[in-house]
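Here's structure.txt, which has compact mmCIF, C-alpha atoms:
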```txt
# COMPACT_ATOMS: atom_id res chain seq x y z
CA MET A 1 -21.97 0.76 25.27
CA ASP A 2 -22.17 4.37 26.48
CA ASN A 3 -19.18 3.94 28.81
CA PHE A 4 -17.25 2.23 26.03
CA LEU A 5 -17.68 5.18 23.66
CA THR A 6 -17.35 7.84 26.35
CA ASN A 7 -13.99 6.44 27.46
CA ILE A 8 -12.70 6.11 23.91
CA TYR A 9 -13.77 9.65 23.00
CA LYS A 10 -12.01 11.03 26.09
CA TRP A 11 -8.90 9.02 25.24
CA TYR A 12 -9.00 10.30 21.65
CA ASN A 13 -9.24 13.96 22.67
CA ILE A 14 -6.08 13.53 24.74
CA ASN A 15 -4.04 11.19 22.53
CA ARG A 16 -5.04 11.93 18.94
CA ARG A 17 -2.15 12.49 16.59
CA ASP A 18 -1.62 15.73 14.69
CA LEU A 19 -1.90 14.35 11.15
CA PRO A 20 -1.87 16.48 7.98
CA TRP A 21 -5.14 15.08 6.61
CA ARG A 22 -6.91 16.11 9.80
CA LYS A 23 -6.23 19.80 9.21
CA ASP A 24 -9.53 20.19 7.35
CA ARG A 25 -12.39 18.11 5.96
CA ASP A 26 -11.32 18.22 2.32
CA PRO A 27 -12.67 14.93 0.87
CA TYR A 28 -9.85 14.77 -1.68
CA LYS A 29 -7.20 14.81 1.05
CA ILE A 30 -9.12 12.36 3.24
CA TRP A 31 -9.55 9.97 0.31
CA LEU A 32 -5.88 10.36 -0.65
CA SER A 33 -4.76 9.61 2.90
CA GLU A 34 -6.98 6.54 3.15
CA ILE A 35 -5.63 5.08 -0.10
CA ILE A 36 -2.04 5.75 0.96
CA LEU A 37 -2.60 4.24 4.42
CA GLN A 38 -3.86 0.94 3.03
CA GLN A 39 -0.98 -1.46 3.75
CA THR A 40 1.20 1.49 4.90
CA ARG A 41 2.27 2.75 8.33
CA VAL A 42 1.14 6.25 9.25
CA GLU A 43 4.67 7.64 9.72
CA GLN A 44 5.69 6.47 6.25
CA GLY A 45 2.36 7.51 4.76
CA LYS A 46 2.64 11.10 6.01
CA ASN A 47 5.66 11.81 3.82
CA TYR A 48 3.94 10.41 0.74
CA PHE A 49 0.74 12.30 1.52
CA ASN A 50 2.63 15.60 1.81
CA ARG A 51 4.46 14.97 -1.47
CA PHE A 52 1.23 14.14 -3.30
CA VAL A 53 -0.56 17.20 -1.97
CA LYS A 54 2.40 19.38 -2.91
CA ASN A 55 2.50 17.99 -6.45
CA TYR A 56 -1.26 17.57 -6.86
CA PRO A 57 -3.05 20.01 -4.52
CA THR A 58 -6.48 19.17 -5.97
CA VAL A 59 -8.13 16.19 -7.59
CA ASN A 60 -7.96 18.07 -10.93
CA HIS A 61 -4.18 18.31 -10.71
CA LEU A 62 -3.97 14.58 -10.06
CA ALA A 63 -6.34 13.82 -12.94
CA ASN A 64 -4.15 15.77 -15.36
CA ALA A 65 -0.90 14.09 -14.27
CA HIS A 66 0.84 11.44 -16.37
CA GLU A 67 0.62 7.93 -14.94
CA ASP A 68 4.41 7.54 -14.98
CA GLU A 69 4.69 10.63 -12.75
CA VAL A 70 2.10 9.26 -10.31
CA LEU A 71 3.83 5.87 -10.13
CA LYS A 72 7.21 7.52 -9.58
CA LEU A 73 5.81 9.60 -6.70
CA TRP A 74 4.29 6.40 -5.28
CA GLN A 75 7.58 4.47 -5.56
CA GLY A 76 8.43 2.60 -2.39
CA LEU A 77 4.86 2.26 -1.08
CA GLY A 78 4.17 -1.02 -2.86
CA TYR A 79 0.73 -2.36 -3.90
CA TYR A 80 0.95 -0.20 -7.01
CA SER A 81 -2.62 -0.95 -8.08
CA ARG A 82 -3.52 1.63 -5.41
CA ALA A 83 -1.67 4.32 -7.34
CA ARG A 84 -3.20 3.31 -10.67
CA ASN A 85 -6.69 3.28 -9.14
CA LEU A 86 -6.00 6.62 -7.44
CA HIS A 87 -5.12 8.17 -10.78
CA ALA A 88 -8.07 6.55 -12.57
CA THR A 89 -10.49 7.76 -9.90
CA ALA A 90 -9.17 11.30 -10.13
CA LYS A 91 -9.89 11.22 -13.86
CA ILE A 92 -13.42 9.95 -13.19
CA ILE A 93 -14.11 12.71 -10.65
CA ASP A 94 -12.69 15.28 -13.05
CA ALA A 95 -14.79 14.05 -15.99
CA GLN A 96 -18.05 12.93 -14.36
CA TYR A 97 -18.29 15.24 -11.34
CA ASN A 98 -16.66 18.39 -12.77
CA GLY A 99 -13.74 17.93 -10.41
CA ILE A 100 -15.96 17.99 -7.30
CA PHE A 101 -15.65 14.98 -5.00
CA PRO A 102 -19.00 13.13 -4.72
CA ASN A 103 -20.69 13.71 -1.36
CA ASP A 104 -22.81 10.58 -0.89
CA TYR A 105 -21.76 7.09 0.20
CA LYS A 106 -22.98 5.15 -2.85
CA SER A 107 -21.20 7.43 -5.31
CA ILE A 108 -17.99 7.30 -3.28
CA LEU A 109 -18.23 3.50 -3.05
CA ALA A 110 -18.63 3.27 -6.84
CA LEU A 111 -15.24 4.93 -7.40
CA LYS A 112 -12.41 2.71 -8.62
CA GLY A 113 -10.30 1.25 -5.83
CA VAL A 114 -12.73 2.32 -3.10
CA GLY A 115 -14.23 -0.34 -0.85
CA PRO A 116 -16.79 -0.11 1.97
CA TYR A 117 -14.22 0.95 4.57
CA THR A 118 -12.71 3.78 2.52
CA ALA A 119 -16.13 4.97 1.36
CA ALA A 120 -17.35 5.05 4.96
CA ALA A 121 -14.22 6.87 6.15
CA VAL A 122 -14.55 9.60 3.52
CA ALA A 123 -18.35 9.88 3.90
CA SER A 124 -18.18 10.17 7.68
CA ILE A 125 -15.12 12.39 8.07
CA ALA A 126 -15.67 14.73 5.11
CA PHE A 127 -19.48 14.82 4.97
CA ASN A 128 -20.58 13.76 8.47
CA LEU A 129 -22.59 10.81 7.14
CA PRO A 130 -23.30 7.97 9.63
CA TYR A 131 -21.41 5.09 8.01
CA PRO A 132 -19.14 2.96 10.23
CA ALA A 133 -15.61 2.56 8.88
CA VAL A 134 -14.52 -0.90 9.98
CA ASP A 135 -10.80 -1.45 9.43
CA GLY A 136 -8.30 -3.82 11.05
CA ASN A 137 -7.94 -1.53 14.06
CA ILE A 138 -11.66 -1.44 14.72
CA TYR A 139 -12.02 -5.21 14.21
CA ARG A 140 -9.40 -5.66 16.92
CA VAL A 141 -10.95 -3.20 19.39
CA LEU A 142 -14.47 -4.56 19.02
CA SER A 143 -13.37 -8.18 19.05
CA ARG A 144 -11.38 -7.78 22.26
CA TYR A 145 -13.79 -5.52 24.12
CA TYR A 146 -16.96 -7.47 23.30
CA GLY A 147 -15.31 -10.89 23.15
CA ILE A 148 -16.35 -11.63 19.58
CA GLN A 149 -14.63 -14.81 18.40
CA THR A 150 -16.20 -15.05 14.97
CA PRO A 151 -13.36 -14.91 12.39
CA ILE A 152 -13.02 -11.40 11.01
CA ASP A 153 -12.21 -12.74 7.52
CA SER A 154 -15.41 -14.81 7.30
CA SER A 155 -18.69 -13.61 5.77
CA LYS A 156 -20.45 -14.19 9.08
CA GLY A 157 -17.77 -12.26 10.96
CA LYS A 158 -17.78 -9.29 8.60
CA LYS A 159 -21.57 -9.04 8.88
CA GLU A 160 -21.48 -9.34 12.68
CA PHE A 161 -18.84 -6.64 13.12
CA GLN A 162 -20.50 -4.34 10.58
CA GLU A 163 -23.83 -4.59 12.40
CA LEU A 164 -22.22 -3.84 15.76
CA ALA A 165 -20.29 -0.90 14.29
CA GLY A 166 -23.53 0.39 12.79
CA GLU A 167 -25.22 0.31 16.20
CA LEU A 168 -22.32 2.12 17.85
CA ILE A 169 -22.24 5.01 15.40
CA ARG A 170 -25.95 5.89 15.73
CA GLY A 171 -26.45 9.31 17.30
CA GLN A 172 -22.72 10.05 17.36
CA ASN A 173 -20.53 12.49 15.45
CA PRO A 174 -19.65 10.06 12.63
CA GLY A 175 -16.26 11.44 11.64
CA MET A 176 -15.00 11.85 15.18
CA HIS A 177 -16.46 8.46 16.14
CA ASN A 178 -14.71 6.53 13.37
CA GLN A 179 -11.42 8.30 13.90
CA SER A 180 -11.57 7.70 17.66
CA LEU A 181 -11.98 3.94 17.24
CA MET A 182 -9.33 3.73 14.53
CA GLU A 183 -6.86 5.76 16.58
CA PHE A 184 -7.55 3.72 19.69
CA GLY A 185 -6.74 0.52 17.80
CA ALA A 186 -3.67 2.04 16.19
CA LEU A 187 -2.10 3.43 19.39
CA GLN A 188 -3.65 1.74 22.43
CA CYS A 189 -5.23 -1.60 21.51
CA VAL A 190 -2.33 -2.64 19.29
CA PRO A 191 -1.90 -6.14 17.80
CA LYS A 192 1.03 -7.26 19.95
CA SER A 193 1.77 -6.50 23.60
CA PRO A 194 -0.88 -3.82 24.21
CA GLN A 195 -0.49 -1.82 27.41
CA CYS A 196 -3.69 -3.10 28.98
CA SER A 197 -2.79 -1.72 32.42
CA ASN A 198 -2.97 1.82 30.98
CA CYS A 199 -6.16 1.22 29.00
CA PRO A 200 -9.32 3.16 29.98
CA LEU A 201 -11.41 0.11 29.05
CA VAL A 202 -9.51 -2.43 31.13
CA ASP A 203 -12.24 -2.83 33.76
CA SER A 204 -14.87 -3.85 31.22
CA CYS A 205 -12.82 -5.49 28.43
CA PHE A 206 -13.88 -9.11 27.80
CA ALA A 207 -10.51 -10.15 26.37
CA PHE A 208 -8.57 -8.77 29.34
CA LYS A 209 -10.86 -10.33 31.94
CA ASN A 210 -10.74 -13.71 30.18
CA ARG A 211 -7.04 -13.63 29.20
CA LEU A 212 -7.87 -13.68 25.49
CA VAL A 213 -6.06 -10.50 24.41
CA THR A 214 -3.45 -12.42 22.41
CA HIS A 215 -6.12 -14.66 20.85
CA LEU A 216 -8.43 -11.96 19.51
CA PRO A 217 -9.36 -11.13 16.85
CA VAL A 218 -9.66 -14.54 15.16
CA LYS A 219 -8.73 -15.20 11.54
CA GLU A 220 -9.59 -18.42 9.75
CA LYS A 221 -7.69 -18.11 6.47
CA LYS A 222 -3.97 -18.35 5.98
CA THR A 223 -2.48 -16.64 2.96
CA LYS A 224 -0.87 -19.03 0.51
CA GLN A 225 2.30 -17.56 -0.90
CA ARG A 226 3.63 -18.39 -4.34
CA HIS A 227 7.40 -18.57 -4.89
CA ARG A 228 8.82 -16.92 -8.03
CA TYR A 229 12.41 -16.74 -9.25
CA PHE A 230 13.51 -13.52 -10.99
CA TYR A 231 16.83 -12.96 -12.72
CA TYR A 232 17.42 -9.35 -13.68
CA TYR A 233 20.02 -8.45 -16.31
CA LEU A 234 21.76 -5.10 -16.12
CA TYR A 235 23.16 -4.31 -19.58
CA ASP A 236 25.76 -1.60 -18.94
CA MET A 237 26.62 0.30 -22.11
CA GLY A 238 28.92 2.88 -20.54
CA ASP A 239 26.67 5.87 -20.08
CA SER A 240 23.36 4.02 -20.35
CA ILE A 241 21.45 0.86 -19.45
CA LEU A 242 18.32 -0.89 -20.70
CA LEU A 243 14.92 -0.76 -19.04
CA ASP A 244 11.70 -2.58 -19.78
CA LYS A 245 8.14 -1.67 -18.82
CA ARG A 246 6.06 -4.32 -17.05
CA LEU A 247 2.75 -4.77 -18.84
CA GLY A 248 -0.09 -7.22 -18.32
CA ASN A 249 -2.03 -8.08 -15.20
CA ASP A 250 0.81 -8.89 -12.81
CA ILE A 251 2.70 -7.36 -9.91
CA TRP A 252 4.31 -3.97 -10.51
CA GLN A 253 2.15 -3.31 -13.58
CA ASN A 254 3.36 -0.31 -15.63
CA LEU A 255 6.54 0.07 -13.57
CA TYR A 256 9.95 -0.13 -15.21
CA GLN A 257 12.42 -2.92 -14.58
CA LEU A 258 15.68 -4.38 -15.85
CA PRO A 259 15.32 -7.05 -18.56
CA LEU A 260 13.99 -10.09 -16.76
CA LEU A 261 14.32 -13.86 -16.96
CA GLU A 262 11.78 -15.71 -14.80
CA ARG A 263 12.05 -19.38 -13.92
CA GLU A 264 9.88 -21.79 -11.90
CA LYS A 265 12.78 -22.88 -9.72
CA ALA A 266 16.01 -21.44 -8.38
CA LEU A 267 19.03 -21.55 -10.69
CA SER A 268 22.61 -21.88 -9.53
CA ASP A 269 25.13 -19.44 -10.98
CA SER A 270 26.45 -22.16 -13.31
CA GLU A 271 22.91 -22.96 -14.49
CA LEU A 272 22.25 -19.26 -14.91
CA LEU A 273 25.29 -18.86 -17.17
CA LYS A 274 23.99 -21.66 -19.38
CA SER A 275 20.51 -20.14 -19.65
CA ASP A 276 19.50 -17.88 -22.49
CA PRO A 277 19.51 -14.26 -21.28
CA PRO A 278 16.63 -11.90 -22.18
CA ILE A 279 18.87 -10.36 -24.85
CA LYS A 280 21.67 -12.23 -26.56
CA TYR A 281 24.84 -10.32 -27.31
CA PRO A 282 28.00 -11.94 -28.69
CA GLU A 283 30.52 -10.00 -26.63
CA VAL A 284 29.72 -9.52 -22.95
CA ASN A 285 31.76 -9.20 -19.81
CA ILE A 286 30.02 -10.59 -16.75
CA LYS A 287 30.94 -8.07 -14.08
CA TYR A 288 29.22 -10.02 -11.30
CA ILE A 289 26.22 -12.08 -10.29
CA SER A 290 24.66 -10.84 -7.08
CA GLY A 291 23.57 -12.89 -4.12
CA GLN A 292 19.92 -13.82 -3.90
CA LYS A 293 17.45 -11.32 -2.50
CA LYS A 294 14.15 -12.43 -0.97
CA HIS A 295 11.36 -9.92 -1.52
CA ILE A 296 8.14 -10.75 0.34
CA LEU A 297 4.77 -9.60 -0.98
CA SER A 298 1.34 -10.41 0.44
CA HIS A 299 0.76 -13.47 -1.75
CA GLN A 300 4.16 -14.00 -3.32
CA ILE A 301 7.78 -14.41 -2.37
CA ILE A 302 10.23 -13.24 -5.03
CA HIS A 303 13.72 -14.77 -5.05
CA ALA A 304 15.88 -12.53 -7.23
CA LYS A 305 19.43 -12.12 -8.51
CA LEU A 306 21.13 -9.47 -10.60
CA ILE A 307 23.42 -10.37 -13.49
CA TYR A 308 25.58 -7.35 -14.29
CA LEU A 309 26.78 -7.41 -17.91
CA GLU A 310 29.13 -4.94 -19.59
CA VAL A 311 28.46 -4.61 -23.33
CA GLN A 312 29.65 -2.37 -26.13
CA PRO A 313 28.09 1.13 -26.30
CA ASN A 314 26.97 0.52 -29.91
CA PHE A 315 24.69 -2.30 -28.77
CA ASN A 316 21.32 -1.97 -30.52
CA ASN A 317 18.56 -2.77 -28.09
CA PRO A 318 15.42 -4.51 -29.35
CA LEU A 319 12.05 -2.90 -28.81
CA PRO A 320 10.17 -2.44 -26.53
CA LEU A 321 13.26 -2.08 -24.32
CA ILE A 322 14.39 1.49 -23.92
CA ARG A 323 17.89 2.85 -23.55
CA VAL A 324 18.18 5.14 -20.53
CA ASN A 325 21.05 7.42 -19.64
CA LYS A 326 22.39 6.55 -16.19
CA LYS A 327 21.86 10.09 -14.93
CA ASP A 328 18.14 9.81 -15.80
CA ILE A 329 17.43 6.46 -14.12
CA SER A 330 15.94 8.09 -11.04
CA LYS A 331 13.14 9.57 -13.18
CA PHE A 332 11.65 6.13 -13.84
CA ALA A 333 9.29 4.42 -11.40
CA VAL A 334 10.64 1.01 -10.43
CA SER A 335 9.83 -1.55 -7.74
CA ARG A 336 11.70 -1.47 -4.44
CA LEU A 337 13.46 -4.68 -5.46
CA VAL A 338 14.81 -3.21 -8.71
CA GLU A 339 15.71 0.01 -6.89
CA GLN A 340 17.82 -2.00 -4.43
CA PHE A 341 19.69 -3.75 -7.23
CA LEU A 342 20.33 -0.43 -9.00
CA HIS A 343 21.68 1.11 -5.81
CA GLU A 344 23.96 -1.85 -5.20
CA ALA A 345 25.27 -1.43 -8.74
CA GLY A 346 25.95 2.26 -8.05
CA LEU A 347 23.06 3.40 -10.23
CA GLY A 348 19.67 4.94 -9.68
CA LEU A 349 20.90 7.59 -7.25
CA GLU A 350 19.48 11.10 -7.27
```
Rendering of file as structure tokens:
Amino acid sequence: MDNFLTNIYKWYNINRRDLPWRKDRDPYKIWLSEIILQQTRVEQGKNYFNRFVKNYPTVNHLANAHEDEVLKLWQGLGYYSRARNLHATAKIIDAQYNGIFPNDYKSILALKGVGPYTAAAVASIAFNLPYPAVDGNIYRVLSRYYGIQTPIDSSKGKKEFQELAGELIRGQNPGMHNQSLMEFGALQCVPKSPQCSNCPLVDSCFAFKNRLVTHLPVKEKKTKQRHRYFYYYLYDMGDSILLDKRLGNDIWQNLYQLPLLEREKALSDSELLKSDPPIKYPEVNIKYISGQKKHILSHQIIHAKLIYLEVQPNFNNPLPLIRVNKKDISKFAVSRLVEQFLHEAGLGLE
């Protein structure tokens, strides 16, 4: 165990990346980075982190922001519940903790959108508290090195890895320890084709010695993906178009979109022309119907088309749809899918 940690710490001191959230131990910035980096690559996340810190340098600034502004700044990162929870948590810290980030694990864990991993990461890095932060990178490193074949997505597996991680962090510098393991998994012990020949642990790694590198870690559950069929309607009224806000407990909640027709199966263009559009208008010119786009989410696959309609400028839109000047479209937070359709239509550009 000692050699394992000693080698990883040495590797970390040489190979650690210069990341903006490592400049200090500000819990707000560490928390912000951890939320952004969920489901997001570090290189992409850095740009978003820098923009958020520039716009909201403290948790108080974020708490006082409008949700639409937060969602717009988040646009392109996906998993938008992260942004809504981020904003909600900032408000909680502002109201309940006088704008001061809580400094104990249980209070951090109680924050909206914060799970055991994020709470441990913030507690250890910002406050030097000995809580192991077990993420996908650490699961992979521990599974391969110690030869643990218990599925990481099982209750038994999560408990087993958490207990091992807890043993490893005892007596160590918690923040440096967690970051070393995470960085090692992110850069050295990567999911596919790791450079085992250059690894400082190669002589004692169970997976390498037993040719199990590609088989570890083990997962038992396969994600079932639901197929959905979206048909977006772009109502072009000359200098403006119509947008709708997605409400309810569904993907892209509180983001804006084009008026939408959803069906349980794919429609051909001829079937689409016979279907009732979201808004009926007696005089329309169908400019074009796009090809189908496939947009893959973690549990869903969206099959989408755009129907571009030209209508008279005096068209009265029904509520809650809003009429938006084309030059202002970029101010509204939309999903990546809608953004792509707007760009293809020559709209939504800065």
**Study point:** From A:Asn173, A:Arg323, A:Asn285, A:Lys192, residue lying nearest A:Asp239 [all atoms listed in the file]
**Key:**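 Of A:Asn173, A:Arg323, A:Asn285, A:Lys192, the one nearest A:Asp239, counting all atoms listed in the file, is A:Arg323.
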Practice item. Dump as a ChimeraX atom specification all residues having an atom at most 8 Å from (21.6, -8.0, -10.1), computed in the file's coordinates with only C-alpha atoms. Key: /A:231-234,288-291,304-308,341-342,345
Check your understanding: In Å to one decimal, how far is atom CA of A:Gln39 from atom CA of A:Tyr12?
Key ->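 So the two atoms, atom CA of A:Tyr12 and atom CA of A:Gln39, lie 22.9 Å apart.
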Exercise for review: For atom CA of A:Arg140 and atom CA of A:Phe161, quote the distance in Å rounded to one decimal.
Suggested key: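 Separation of atom CA of A:Arg140 and atom CA of A:Phe161: 10.2 Å.
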Point to revise | Nearest candidate to A:Asn98 (options A:Gly147, A:Glu43, A:Ile8, A:Val59; using all atoms listed in the file) | key: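 Among A:Gly147, A:Glu43, A:Ile8, A:Val59, it is A:Val59 that comes nearest to A:Asn98.
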Can you patch up stretch 214-245 of chain A, filling it in to N, CA and C atoms, and show the result as a PDB file, keeping the file's coordinate frame?
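Okay, this is what ended up in out_31.pdb:
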```pdb
ATOM      1  N   THR A 214      -4.337 -11.955  23.484  1.00  0.00           N
ATOM      2  CA  THR A 214      -3.450 -12.420  22.410  1.00  0.00           C
ATOM      3  C   THR A 214      -4.169 -13.322  21.406  1.00  0.00           C
ATOM      4  N   HIS A 215      -5.388 -13.745  21.726  1.00  0.00           N
ATOM      5  CA  HIS A 215      -6.120 -14.660  20.850  1.00  0.00           C
ATOM      6  C   HIS A 215      -7.174 -13.959  19.992  1.00  0.00           C
ATOM      7  N   LEU A 216      -7.416 -12.703  20.247  1.00  0.00           N
ATOM      8  CA  LEU A 216      -8.430 -11.960  19.510  1.00  0.00           C
ATOM      9  C   LEU A 216      -7.789 -10.784  18.776  1.00  0.00           C
ATOM     10  N   PRO A 217      -8.277 -10.469  17.584  1.00  0.00           N
ATOM     11  CA  PRO A 217      -9.360 -11.130  16.850  1.00  0.00           C
ATOM     12  C   PRO A 217      -8.922 -12.448  16.209  1.00  0.00           C
ATOM     13  N   VAL A 218      -9.910 -13.229  15.774  1.00  0.00           N
ATOM     14  CA  VAL A 218      -9.660 -14.540  15.160  1.00  0.00           C
ATOM     15  C   VAL A 218      -9.692 -14.411  13.643  1.00  0.00           C
ATOM     16  N   LYS A 219      -8.744 -15.080  13.005  1.00  0.00           N
ATOM     17  CA  LYS A 219      -8.730 -15.200  11.540  1.00  0.00           C
ATOM     18  C   LYS A 219      -8.756 -16.669  11.178  1.00  0.00           C
ATOM     19  N   GLU A 220      -9.487 -17.009  10.120  1.00  0.00           N
ATOM     20  CA  GLU A 220      -9.590 -18.420   9.750  1.00  0.00           C
ATOM     21  C   GLU A 220      -8.740 -18.789   8.537  1.00  0.00           C
ATOM     22  N   LYS A 221      -8.399 -17.805   7.716  1.00  0.00           N
ATOM     23  CA  LYS A 221      -7.690 -18.110   6.470  1.00  0.00           C
ATOM     24  C   LYS A 221      -6.216 -17.758   6.593  1.00  0.00           C
ATOM     25  N   LYS A 222      -5.397 -18.625   6.071  1.00  0.00           N
ATOM     26  CA  LYS A 222      -3.970 -18.350   5.980  1.00  0.00           C
ATOM     27  C   LYS A 222      -3.612 -18.074   4.529  1.00  0.00           C
ATOM     28  N   THR A 223      -2.849 -17.014   4.319  1.00  0.00           N
ATOM     29  CA  THR A 223      -2.480 -16.640   2.960  1.00  0.00           C
ATOM     30  C   THR A 223      -1.478 -17.628   2.382  1.00  0.00           C
ATOM     31  N   LYS A 224      -1.808 -18.158   1.217  1.00  0.00           N
ATOM     32  CA  LYS A 224      -0.870 -19.030   0.510  1.00  0.00           C
ATOM     33  C   LYS A 224       0.049 -18.172  -0.341  1.00  0.00           C
ATOM     34  N   GLN A 225       1.333 -18.377  -0.168  1.00  0.00           N
ATOM     35  CA  GLN A 225       2.300 -17.560  -0.900  1.00  0.00           C
ATOM     36  C   GLN A 225       2.961 -18.378  -2.008  1.00  0.00           C
ATOM     37  N   ARG A 226       3.025 -17.774  -3.164  1.00  0.00           N
ATOM     38  CA  ARG A 226       3.630 -18.390  -4.340  1.00  0.00           C
ATOM     39  C   ARG A 226       5.093 -17.949  -4.423  1.00  0.00           C
ATOM     40  N   HIS A 227       5.977 -18.893  -4.741  1.00  0.00           N
ATOM     41  CA  HIS A 227       7.400 -18.570  -4.890  1.00  0.00           C
ATOM     42  C   HIS A 227       7.720 -18.345  -6.371  1.00  0.00           C
ATOM     43  N   ARG A 228       8.418 -17.233  -6.655  1.00  0.00           N
ATOM     44  CA  ARG A 228       8.820 -16.920  -8.030  1.00  0.00           C
ATOM     45  C   ARG A 228      10.327 -16.617  -8.029  1.00  0.00           C
ATOM     46  N   TYR A 229      10.956 -16.890  -9.149  1.00  0.00           N
ATOM     47  CA  TYR A 229      12.410 -16.740  -9.250  1.00  0.00           C
ATOM     48  C   TYR A 229      12.731 -15.782 -10.399  1.00  0.00           C
ATOM     49  N   PHE A 230      13.229 -14.594 -10.035  1.00  0.00           N
ATOM     50  CA  PHE A 230      13.510 -13.520 -10.990  1.00  0.00           C
ATOM     51  C   PHE A 230      15.017 -13.361 -11.155  1.00  0.00           C
ATOM     52  N   TYR A 231      15.428 -13.226 -12.407  1.00  0.00           N
ATOM     53  CA  TYR A 231      16.830 -12.960 -12.720  1.00  0.00           C
ATOM     54  C   TYR A 231      16.889 -11.717 -13.598  1.00  0.00           C
ATOM     55  N   TYR A 232      17.347 -10.628 -12.979  1.00  0.00           N
ATOM     56  CA  TYR A 232      17.420  -9.350 -13.680  1.00  0.00           C
ATOM     57  C   TYR A 232      18.791  -9.194 -14.344  1.00  0.00           C
ATOM     58  N   TYR A 233      18.794  -8.670 -15.551  1.00  0.00           N
ATOM     59  CA  TYR A 233      20.020  -8.450 -16.310  1.00  0.00           C
ATOM     60  C   TYR A 233      20.258  -6.953 -16.480  1.00  0.00           C
ATOM     61  N   LEU A 234      21.390  -6.498 -15.961  1.00  0.00           N
ATOM     62  CA  LEU A 234      21.760  -5.100 -16.120  1.00  0.00           C
ATOM     63  C   LEU A 234      22.756  -5.023 -17.287  1.00  0.00           C
ATOM     64  N   TYR A 235      22.296  -4.483 -18.398  1.00  0.00           N
ATOM     65  CA  TYR A 235      23.160  -4.310 -19.580  1.00  0.00           C
ATOM     66  C   TYR A 235      23.778  -2.920 -19.501  1.00  0.00           C
ATOM     67  N   ASP A 236      25.045  -2.864 -19.117  1.00  0.00           N
ATOM     68  CA  ASP A 236      25.760  -1.600 -18.940  1.00  0.00           C
ATOM     69  C   ASP A 236      26.476  -1.257 -20.238  1.00  0.00           C
ATOM     70  N   MET A 237      26.029  -0.138 -20.843  1.00  0.00           N
ATOM     71  CA  MET A 237      26.620   0.300 -22.110  1.00  0.00           C
ATOM     72  C   MET A 237      27.431   1.574 -21.934  1.00  0.00           C
ATOM     73  N   GLY A 238      28.095   1.699 -20.796  1.00  0.00           N
ATOM     74  CA  GLY A 238      28.920   2.880 -20.540  1.00  0.00           C
ATOM     75  C   GLY A 238      28.133   3.976 -19.871  1.00  0.00           C
ATOM     76  N   ASP A 239      27.429   4.766 -20.660  1.00  0.00           N
ATOM     77  CA  ASP A 239      26.670   5.870 -20.080  1.00  0.00           C
ATOM     78  C   ASP A 239      25.170   5.558 -19.974  1.00  0.00           C
ATOM     79  N   SER A 240      24.781   4.351 -20.367  1.00  0.00           N
ATOM     80  CA  SER A 240      23.360   4.020 -20.350  1.00  0.00           C
ATOM     81  C   SER A 240      23.118   2.548 -20.044  1.00  0.00           C
ATOM     82  N   ILE A 241      21.878   2.241 -19.693  1.00  0.00           N
ATOM     83  CA  ILE A 241      21.450   0.860 -19.450  1.00  0.00           C
ATOM     84  C   ILE A 241      20.111   0.645 -20.148  1.00  0.00           C
ATOM     85  N   LEU A 242      19.615  -0.584 -20.096  1.00  0.00           N
ATOM     86  CA  LEU A 242      18.320  -0.890 -20.700  1.00  0.00           C
ATOM     87  C   LEU A 242      17.260  -1.083 -19.627  1.00  0.00           C
ATOM     88  N   LEU A 243      16.083  -0.562 -19.904  1.00  0.00           N
ATOM     89  CA  LEU A 243      14.920  -0.760 -19.040  1.00  0.00           C
ATOM     90  C   LEU A 243      13.764  -1.308 -19.864  1.00  0.00           C
ATOM     91  N   ASP A 244      12.888  -2.003 -19.165  1.00  0.00           N
ATOM     92  CA  ASP A 244      11.700  -2.580 -19.780  1.00  0.00           C
ATOM     93  C   ASP A 244      10.508  -2.137 -18.939  1.00  0.00           C
ATOM     94  N   LYS A 245       9.337  -2.043 -19.556  1.00  0.00           N
ATOM     95  CA  LYS A 245       8.140  -1.670 -18.820  1.00  0.00           C
ATOM     96  C   LYS A 245       7.272  -2.902 -18.610  1.00  0.00           C
TER      97      LYS A 245
END
```
